[in-house]
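Enquirer: The file below is query-v7.txt, compact mmCIF, C-alpha atoms:
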# COMPACT_ATOMS: atom_id res chain seq x y z
CA GLN A 97 26.48 27.29 -46.82
CA ILE A 98 25.32 24.88 -49.52
CA GLU A 99 23.72 22.59 -46.93
CA THR A 100 21.93 25.56 -45.36
CA VAL A 101 20.08 26.47 -48.58
CA LYS A 102 19.60 23.02 -50.12
CA GLU A 103 15.98 22.80 -48.98
CA VAL A 104 15.03 26.06 -50.72
CA ASN A 105 13.06 25.08 -53.82
CA ASN A 106 14.34 27.87 -56.07
CA GLY A 107 15.83 31.33 -56.08
CA VAL A 108 19.18 30.57 -54.42
CA HIS A 109 21.95 32.78 -55.82
CA PHE A 110 25.49 33.04 -54.49
CA VAL A 111 27.27 36.32 -55.30
CA PRO A 112 31.10 36.37 -55.41
CA GLY A 113 33.35 38.73 -53.47
CA ASN A 114 37.04 39.22 -52.82
CA HIS A 115 37.47 35.90 -51.00
CA ASP A 116 35.96 34.02 -53.92
CA TRP A 117 38.41 35.74 -56.28
CA ASP A 118 41.34 34.00 -54.56
CA GLU A 119 41.52 36.81 -51.95
CA SER A 120 41.99 39.20 -54.90
CA GLY A 121 44.84 36.92 -56.03
CA GLN A 122 46.33 35.81 -59.33
CA ASP A 123 44.17 32.67 -59.47
CA GLY A 124 41.01 34.75 -59.07
CA LEU A 125 39.20 33.81 -62.28
CA ASN A 126 39.94 30.09 -61.92
CA ALA A 127 38.77 30.18 -58.30
CA VAL A 128 35.47 31.81 -59.30
CA LEU A 129 34.90 29.35 -62.14
CA ARG A 130 35.59 26.38 -59.85
CA GLN A 131 33.10 27.70 -57.32
CA GLN A 132 30.49 28.27 -60.03
CA LYS A 133 30.91 24.67 -61.24
CA ILE A 134 30.47 23.24 -57.73
CA LEU A 135 27.40 25.38 -56.96
CA ASN A 136 25.73 24.64 -60.29
CA GLU A 137 26.24 20.91 -59.71
CA LYS A 138 24.85 21.10 -56.17
CA LEU A 139 22.08 23.68 -56.56
CA GLY A 140 21.36 23.98 -60.28
CA GLU A 141 22.13 26.48 -63.02
CA SER A 142 22.23 30.19 -62.15
CA SER A 143 22.96 29.49 -58.48
CA PHE A 144 26.17 31.54 -58.91
CA LEU A 145 25.72 35.04 -60.35
CA PRO A 146 27.08 36.82 -62.29
CA LYS A 147 28.07 33.90 -64.48
CA ASN A 148 31.50 32.94 -65.82
CA GLY A 149 33.51 35.51 -63.91
CA CYS A 150 31.83 38.41 -65.73
CA PHE A 151 30.64 41.77 -64.37
CA GLY A 152 26.95 41.22 -64.96
CA PRO A 153 24.47 42.79 -64.80
CA GLU A 154 22.28 39.79 -64.07
CA PHE A 155 18.59 40.35 -63.35
CA VAL A 156 16.39 38.04 -61.26
CA ILE A 157 12.62 38.50 -61.22
CA ILE A 158 11.23 38.65 -57.68
CA ASN A 159 7.63 39.52 -58.55
CA ASP A 160 5.68 41.52 -61.13
CA THR A 161 6.95 44.83 -59.78
CA THR A 162 10.40 44.01 -58.45
CA GLU A 163 13.67 42.66 -59.82
CA ALA A 164 17.10 42.09 -58.32
CA MET A 165 20.16 43.31 -60.19
CA ILE A 166 23.46 41.58 -59.42
CA LEU A 167 26.97 42.82 -60.17
CA ASP A 168 30.38 41.36 -59.36
CA SER A 169 31.72 44.27 -57.30
CA GLU A 170 35.13 42.63 -56.77
CA LYS A 171 35.76 42.64 -60.51
CA ILE A 172 34.94 46.37 -60.61
CA ILE A 173 36.98 47.31 -57.53
CA ASN A 174 40.00 45.35 -58.76
CA PHE A 175 39.51 46.14 -62.43
CA SER A 176 43.27 46.34 -63.02
CA LEU A 177 43.56 42.69 -61.93
CA PHE A 178 40.34 41.16 -63.24
CA GLY A 179 38.68 43.59 -65.64
CA GLN A 180 39.86 41.83 -68.79
CA SER A 181 39.57 38.29 -67.44
CA GLY A 182 37.05 35.72 -68.58
CA ASP A 183 35.07 35.11 -71.74
CA CYS A 184 32.82 38.13 -71.24
CA LYS A 185 31.04 40.40 -73.69
CA ILE A 186 31.65 43.51 -71.55
CA LYS A 187 35.33 44.38 -71.15
CA SER A 188 35.32 47.98 -69.91
CA LEU A 189 33.60 49.95 -67.16
CA ASP A 190 32.19 52.37 -69.73
CA GLU A 191 30.53 49.45 -71.52
CA LEU A 192 29.28 48.11 -68.19
CA SER A 193 27.82 51.47 -67.17
CA SER A 194 26.06 51.86 -70.52
CA SER A 195 24.63 48.35 -70.28
CA ILE A 196 23.31 48.92 -66.75
CA LYS A 197 21.78 52.30 -67.65
CA GLU A 198 19.94 50.76 -70.59
CA GLU A 199 18.69 47.82 -68.53
CA LEU A 200 17.48 50.18 -65.79
CA ARG A 201 15.82 52.43 -68.37
CA ILE A 202 13.91 49.42 -69.71
CA ARG A 203 12.88 48.58 -66.13
CA SER A 204 12.13 52.16 -65.05
CA ASN A 205 8.66 51.06 -63.91
CA LYS A 206 10.15 48.35 -61.68
CA ARG A 207 11.58 48.44 -58.18
CA ILE A 208 15.23 47.42 -58.36
CA ILE A 209 17.11 45.70 -55.53
CA TYR A 210 20.85 45.97 -56.13
CA LEU A 211 22.93 43.05 -54.83
CA SER A 212 26.73 42.89 -54.61
CA HIS A 213 29.34 41.64 -52.18
CA HIS A 214 30.70 45.10 -51.35
CA PRO A 215 28.19 47.45 -49.66
CA VAL A 216 27.66 50.96 -50.99
CA ALA A 217 27.29 52.26 -47.42
CA SER A 218 28.17 50.72 -44.06
CA SER A 219 29.29 51.54 -40.51
CA GLY A 220 31.62 48.58 -40.25
CA PHE A 221 35.32 47.79 -40.21
CA HIS A 222 35.96 48.41 -43.91
CA PHE A 223 34.44 51.90 -43.67
CA ARG A 224 36.90 53.19 -41.04
CA LYS A 225 39.15 55.98 -42.26
CA ASP A 226 42.31 54.24 -41.00
CA GLN A 227 41.70 51.24 -43.28
CA ASN A 228 43.16 51.70 -46.75
CA THR A 229 43.45 48.48 -48.74
CA PRO A 230 41.47 48.10 -52.01
CA GLN A 231 38.80 46.35 -49.91
CA ASP A 232 38.24 49.44 -47.75
CA PHE A 233 35.85 52.29 -48.44
CA TYR A 234 38.39 55.13 -48.37
CA SER A 235 40.80 53.47 -50.78
CA THR A 236 41.16 54.73 -54.35
CA ASN A 237 39.75 51.44 -55.68
CA TYR A 238 36.64 51.49 -53.52
CA GLN A 239 36.00 55.20 -54.13
CA SER A 240 36.18 54.55 -57.88
CA TYR A 241 33.52 51.85 -57.41
CA ILE A 242 31.28 54.30 -55.52
CA LYS A 243 31.76 56.96 -58.21
CA PHE A 244 30.91 54.35 -60.86
CA LEU A 245 27.62 53.58 -59.10
CA GLN A 246 26.82 57.28 -58.58
CA ASP A 247 27.16 57.95 -62.29
CA THR A 248 25.42 54.75 -63.37
CA PHE A 249 22.43 54.94 -60.99
CA LYS A 250 21.88 58.71 -61.31
CA GLU A 251 18.75 58.49 -63.49
CA ASN A 252 17.25 55.34 -61.94
CA PRO A 253 18.48 54.76 -58.37
CA PRO A 254 17.71 51.33 -56.88
CA LEU A 255 15.14 51.11 -54.11
CA ILE A 256 17.54 49.08 -51.94
CA CYS A 257 21.27 48.36 -52.16
CA ILE A 258 22.35 45.20 -50.32
CA GLY A 259 25.90 44.11 -49.57
CA GLY A 260 27.92 41.94 -47.21
CA HIS A 261 31.71 42.28 -46.73
CA ASP A 262 31.41 43.95 -43.31
CA HIS A 263 30.55 41.40 -40.63
CA HIS A 264 27.47 42.88 -39.00
CA LEU A 265 23.80 43.63 -39.74
CA GLU A 266 22.64 47.15 -40.59
CA PHE A 267 19.84 49.26 -42.08
CA LEU A 268 20.92 52.72 -43.25
CA LYS A 269 19.05 55.70 -44.65
CA GLY A 270 19.55 56.20 -48.37
CA ASP A 271 21.02 59.00 -50.41
CA GLY A 272 21.54 59.83 -54.09
CA ILE A 273 22.92 56.41 -55.01
CA CYS A 274 20.27 54.20 -53.39
CA LYS A 275 17.11 54.93 -51.44
CA ASN A 276 17.93 52.41 -48.69
CA TYR A 277 21.01 50.42 -47.64
CA LEU A 278 21.24 47.00 -46.03
CA VAL A 279 24.41 45.26 -44.85
CA SER A 280 24.15 41.54 -44.15
CA GLY A 281 27.61 40.10 -43.58
CA SER A 282 27.49 38.28 -40.26
CA GLY A 283 26.45 34.82 -41.40
CA SER A 284 29.75 33.31 -40.24
CA ASN A 285 31.92 36.08 -38.76
CA ILE A 286 31.23 39.07 -36.51
CA ARG A 287 33.00 42.41 -36.20
CA ASP A 288 32.08 45.62 -34.41
CA VAL A 289 29.71 48.10 -36.00
CA PHE A 290 30.21 51.80 -35.29
CA VAL A 291 27.48 54.26 -34.38
CA SER A 292 26.15 56.18 -37.39
CA GLU A 293 23.60 58.98 -37.65
CA LYS A 294 22.32 57.35 -40.83
CA ALA A 295 21.63 54.03 -39.11
CA ILE A 296 18.01 52.98 -38.65
CA PHE A 297 19.13 49.73 -37.05
CA GLN A 298 22.50 48.03 -36.52
CA THR A 299 23.82 45.07 -34.54
CA ALA A 300 27.07 43.11 -34.29
CA ARG A 301 25.38 39.73 -33.99
CA SER A 302 25.50 36.63 -36.12
CA GLY A 303 22.43 36.45 -38.34
CA PHE A 304 20.86 37.54 -41.61
CA ILE A 305 18.34 39.93 -43.13
CA LYS A 306 15.03 38.82 -44.62
CA LEU A 307 13.02 40.86 -47.12
CA ILE A 308 9.32 40.03 -47.37
CA PHE A 309 7.54 41.04 -50.59
CA LYS A 310 3.82 41.28 -49.87
CA ARG A 311 0.82 40.98 -52.16
CA ASP A 312 -0.06 44.66 -51.65
CA ASN A 313 3.40 45.48 -53.13
CA SER A 314 4.81 46.65 -49.81
CA ILE A 315 8.16 45.35 -48.60
CA SER A 316 9.06 44.62 -45.00
CA VAL A 317 12.49 43.83 -43.59
CA GLU A 318 13.38 41.52 -40.71
CA PHE A 319 16.72 41.20 -38.93
CA LEU A 320 17.18 37.72 -37.51
CA THR A 321 19.93 36.67 -35.12
CA ASP A 322 20.85 33.26 -33.73
CA LYS A 323 21.19 34.05 -30.05
CA THR A 324 20.42 30.54 -28.78
CA LYS A 325 22.12 28.55 -31.57
CA ASN A 326 18.80 26.83 -32.20
CA THR A 327 16.23 29.62 -32.56
CA ASN A 328 16.41 32.55 -34.96
CA ASN A 329 15.19 35.69 -33.24
CA ILE A 330 13.71 38.73 -34.97
CA VAL A 331 15.51 41.70 -33.41
CA TYR A 332 14.16 44.37 -35.78
CA SER A 333 11.29 44.57 -38.28
Is it possible to give me this structure as structure tokens?

Expert:
Amino acid sequence: QIETVKEVNNGVHFVPGNHDWDESGQDGLNAVLRQQKILNEKLGESSFLPKNGCFGPEFVIINDTTEAMILDSEKIINFSLFGQSGDCKIKSLDELSSSIKEELRIRSNKRIIYLSHHPVASSGFHFRKDQNTPQDFYSTNYQSYIKFLQDTFKENPPLICIGGHDHHLEFLKGDGICKNYLVSGSGSNIRDVFVSEKAIFQTARSGFIKLIFKRDNSISVEFLTDKTKNTNNIVYS
């Protein structure tokens, strides 16, 4: 993954998930800090966000009208394991929610793109009702994360929420939490995606999603898959 993005001049940010936190294991914080150190050495400071095993929020300026907001969703979902870990200013979910609300209030004239490992909506494996680990949508942990976002984003919902975790590509209609949902988790693994009435586009192919921010302030989205191993193909735009 590092080699893939090395030629990008700036703006490369890795976002941690459950695998980075030692598969939600006891060595989670140390694993995240080790990864941060390696990425910062290879790609420069701020290539791993949020920093230092903290919740965030971290904001990245995309253009004059748009900013990305990054949270460590694994730390929220497994708060009982990781919530107090690390040298972080914010130690509770109430403090985190208040901080995010204030930052979004300050940026109420901006378009916000929310980035996290765990998607807010998906039609993939982790969103099946028969899956019930903390990493699955219908678990108590994951539902608490969704409720946290509902309460936190109520006044200023992001324009787009982007996640990975499920191994497919998908564009879903928004709701009260976010106005649009993107799932981009098939960079290395593929799993089936299930038909959803909310889906604008979905595919179980290896690939990635590209957002294009245009000078007229419009945003377009492209779904690219690697069907020939050598040529990326736009399958939806």

Enquirer: Just give me the gap between atom CA of A:Ile202 and atom CA of A:Cys257 in Å, one decimal is fine.

Expert: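 Atom CA of A:Cys257 lies at a distance of 19.1 Å from atom CA of A:Ile202.
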
Enquirer: Enter the distance from atom CA of A:Gly281 to atom CA of A:Gln122, in Å, rounded to one decimal.

Expert: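 Separation of atom CA of A:Gly281 and atom CA of A:Gln122: 24.8 Å.
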
Enquirer: Return the single residue from A:Leu268, A:Leu320, A:Ile315, A:Ala295 that is closest to A:Ile209, with distances computed using only C-alpha atoms.

Expert: A:Ile315

Enquirer: Excluding stretch 213-215 of chain A and any residue of its chain fewer than 2 positions from it, enumerate the residues within 6 Å of it, using all atoms listed in the file, and give them as a list in words.

Expert: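 Close residues of stretch 213-215 of chain A: Gly113, Ala217, Gly259, Gly260 and His261 of chain A.
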
Enquirer: So that I can check the surroundings of A:Asp312, please list as a PyMOL selection string every protein, DNA and RNA residue that reaches within 12 Å of it, counting only C-alpha atoms and ignoring chain neighbours fewer than 4 positions away.

Expert: chain A and resi 159-161+308+316
